[in-house]
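Below is one structure, written out as structure tokens; comments come after it.
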Amino acid sequence: MLTLFHTLVAIHIAFGAVGLVSFWVPVLGKKGNRTHRLWGKIFARSILGAGCVALLLSICTLIDPLGTHPHLKDAVFVRGIFGIMMFYLAILTINLAWYGLETIKNKANHAANRRGLNIALQPILIAAAFACAIEGILIGQYLMVGMSIVGFATAGTNLFFMLNPAPGPKVYLMEHVKAIVGAGISVYTAFSAFGAVRLMPSMALHPGLWAIPLVTGLAIILYHHRLIRLSLRNRVSQTAGAAS
């Protein structure tokens with residue numbers, strides 16, 4: 001089990017490293033051009049890969065908590081943090097990356113957002129977030145409860161958009177930004193927090209360490225949402241001016 005686990009960790013790190021680097025190209029670069037689309041797809045697909053491997057890692061941990069984490073001694077803690085919470089975070093990451101790709105793919109056909117895996121991932125995420133919160137309460141790890149709120153908010157806002165029969169112009173683009181940057185928050189959180197277990201075990205579950213990627217990502221989302229709204233207002237003003 002430990003050999004399999006370490007192999008999966010190496011694959012997970014490889015996918016995650018691509019995600020860590022490629023994230024910034026579409027975020028900082030010019031939007032909508034070929035470079036943006038190429039690196040956006042590279043980021044999303046690498047994150048989907050990392051999320052799928054994280055699911056396998058969490059399952060291995062749930063099966064054999066101390067066998068997969070021999071440097072730790074508390075099986076209940078390991079099962080909760082590296083089993084249930086990692087399973088939830090993997091679902092969250094997959095949800096965000098997939099939804100981010102689908103919102104752009106289906107920009108001209110909103111009804112397609114309510115099909116297949118895209119819609120199925122929402123109740124799955126809600127169930128995973130609920131399990132994470134309950135486990136956090138049971139074992140006294142209230143960071144798990146706090147992190148579950150992100151999943152509830154993500155699934156809730158996703159469903160609000162998906163079930164809206166006629167979302168406004170450019171709303172799909174705002175949802176795309178929310179999802180892709182949210183996936184970036186997820187990968188940077190995993191990198192900083194779970195990586196800290198090896199380097200600084202006492203800091204691994206410190207709320208401040210988990211808050212840094214979240215606050216940074218929210219700032220990026222709000223900034224780009226503002227740009228989209230300003231662009232839409234300018235377009236409306238130009239249309240009104242031309243009509244008059």
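Within each chain, counting starts at residue 1; across the structure tokens, chains are named A, B, ... in the order shown, with ligands numbered 1 upward in that order.
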
Write out as a PDB file with all heavy atoms, in the first residue's frame the residues lying within 8 Å of segment 2-4 of chain A, counting only C-alpha atoms and excluding same-chain residues fewer than 4 positions away.
ATOM      1  N   LEU A   8       1.381   7.220  -6.369  1.00  0.00           N
ATOM      2  CA  LEU A   8       0.283   8.151  -6.624  1.00  0.00           C
ATOM      3  C   LEU A   8       0.648   9.576  -6.210  1.00  0.00           C
ATOM      4  O   LEU A   8       0.281  10.537  -6.890  1.00  0.00           O
ATOM      5  CB  LEU A   8      -0.976   7.688  -5.883  1.00  0.00           C
ATOM      6  CG  LEU A   8      -1.636   6.420  -6.414  1.00  0.00           C
ATOM      7  CD1 LEU A   8      -2.752   5.965  -5.466  1.00  0.00           C
ATOM      8  CD2 LEU A   8      -2.187   6.632  -7.813  1.00  0.00           C
ATOM      9  N   GLY A  67      -0.779   3.116   7.530  1.00  0.00           N
ATOM     10  CA  GLY A  67       0.091   2.482   6.541  1.00  0.00           C
ATOM     11  C   GLY A  67       0.511   3.446   5.446  1.00  0.00           C
ATOM     12  O   GLY A  67       1.609   3.336   4.903  1.00  0.00           O
ATOM     13  N   THR A  68      -0.353   4.405   5.128  1.00  0.00           N
ATOM     14  CA  THR A  68      -0.032   5.399   4.109  1.00  0.00           C
ATOM     15  C   THR A  68       0.669   6.619   4.698  1.00  0.00           C
ATOM     16  O   THR A  68       1.300   7.381   3.963  1.00  0.00           O
ATOM     17  CB  THR A  68      -1.310   5.863   3.381  1.00  0.00           C
ATOM     18  OG1 THR A  68      -2.274   6.291   4.360  1.00  0.00           O
ATOM     19  CG2 THR A  68      -1.899   4.738   2.553  1.00  0.00           C
TER      20      THR A  68
END

- Query: Any idea what's packed within 7 Å of Ser58 of chain A, counting only C-alpha atoms, ignoring anything in its chain fewer than 2 positions away? Could you give it as number ranges by chain?
  - Reply: A: 54-56, 60-62, 82-84, 86-87

- Using only C-alpha atoms, find the one residue out of A:Lys170, A:Arg79, A:Arg45, A:His71 that sits nearest to Leu230 of chain A.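 Selected residue with least distance to Leu230 of chain A: A:Lys170.
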
- Message: Between atom CA of Ser192 of chain A and atom CA of Gly140 of chain A, what distance in Å does the model show, to one decimal?
- Response: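 We find that atom CA of Ser192 of chain A and atom CA of Gly140 of chain A lie 22.0 Å from each other.
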
- Mind checking which residues fall within 6 Å of segment 17-34 of chain A, counting only C-alpha atoms, ignoring those fewer than 2 positions away in the same chain, and posting them as a ChimeraX atom specification? /A:13-15,36-37,40,43,46-47

- Mind pulling up the distance from atom CA of Pro165 of chain A to atom CA of Gly184 of chain A?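 Pair atom CA of Gly184 of chain A / atom CA of Pro165 of chain A returns 28.5 Å.
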
- Message: Going by DSSP on the backbone, which residues of segment 14-226 of chain A come out as alpha helix (DSSP H)? List them as a ChimeraX atom specification.
- Response: /A:14-22,24-28,34-63,65-68,75-78,86-105,116-139,142-162,171-189,195-199,207-226

- Message: Quick one: residues within 10 Å of Tyr99 of chain A, only C-alpha atoms, excluding same-chain residues fewer than 3 positions away - as number ranges by chain?
- Response: A: 44, 93-96, 102-105, 113, 117-119, 121-122, 158, 175-176, 178-180, 183

- Between atom CA of Met144 of chain A and atom CA of Met85 of chain A, distance in Å (one decimal): 6.6 Å

- Smallest atom-to-atom distance to Thr7 of chain A: which of A:Ala128, A:Ala108, A:Ile220, A:Val53, using only C-alpha atoms?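 Among A:Ala128, A:Ala108, A:Ile220, A:Val53, it is A:Val53 that comes nearest to Thr7 of chain A.
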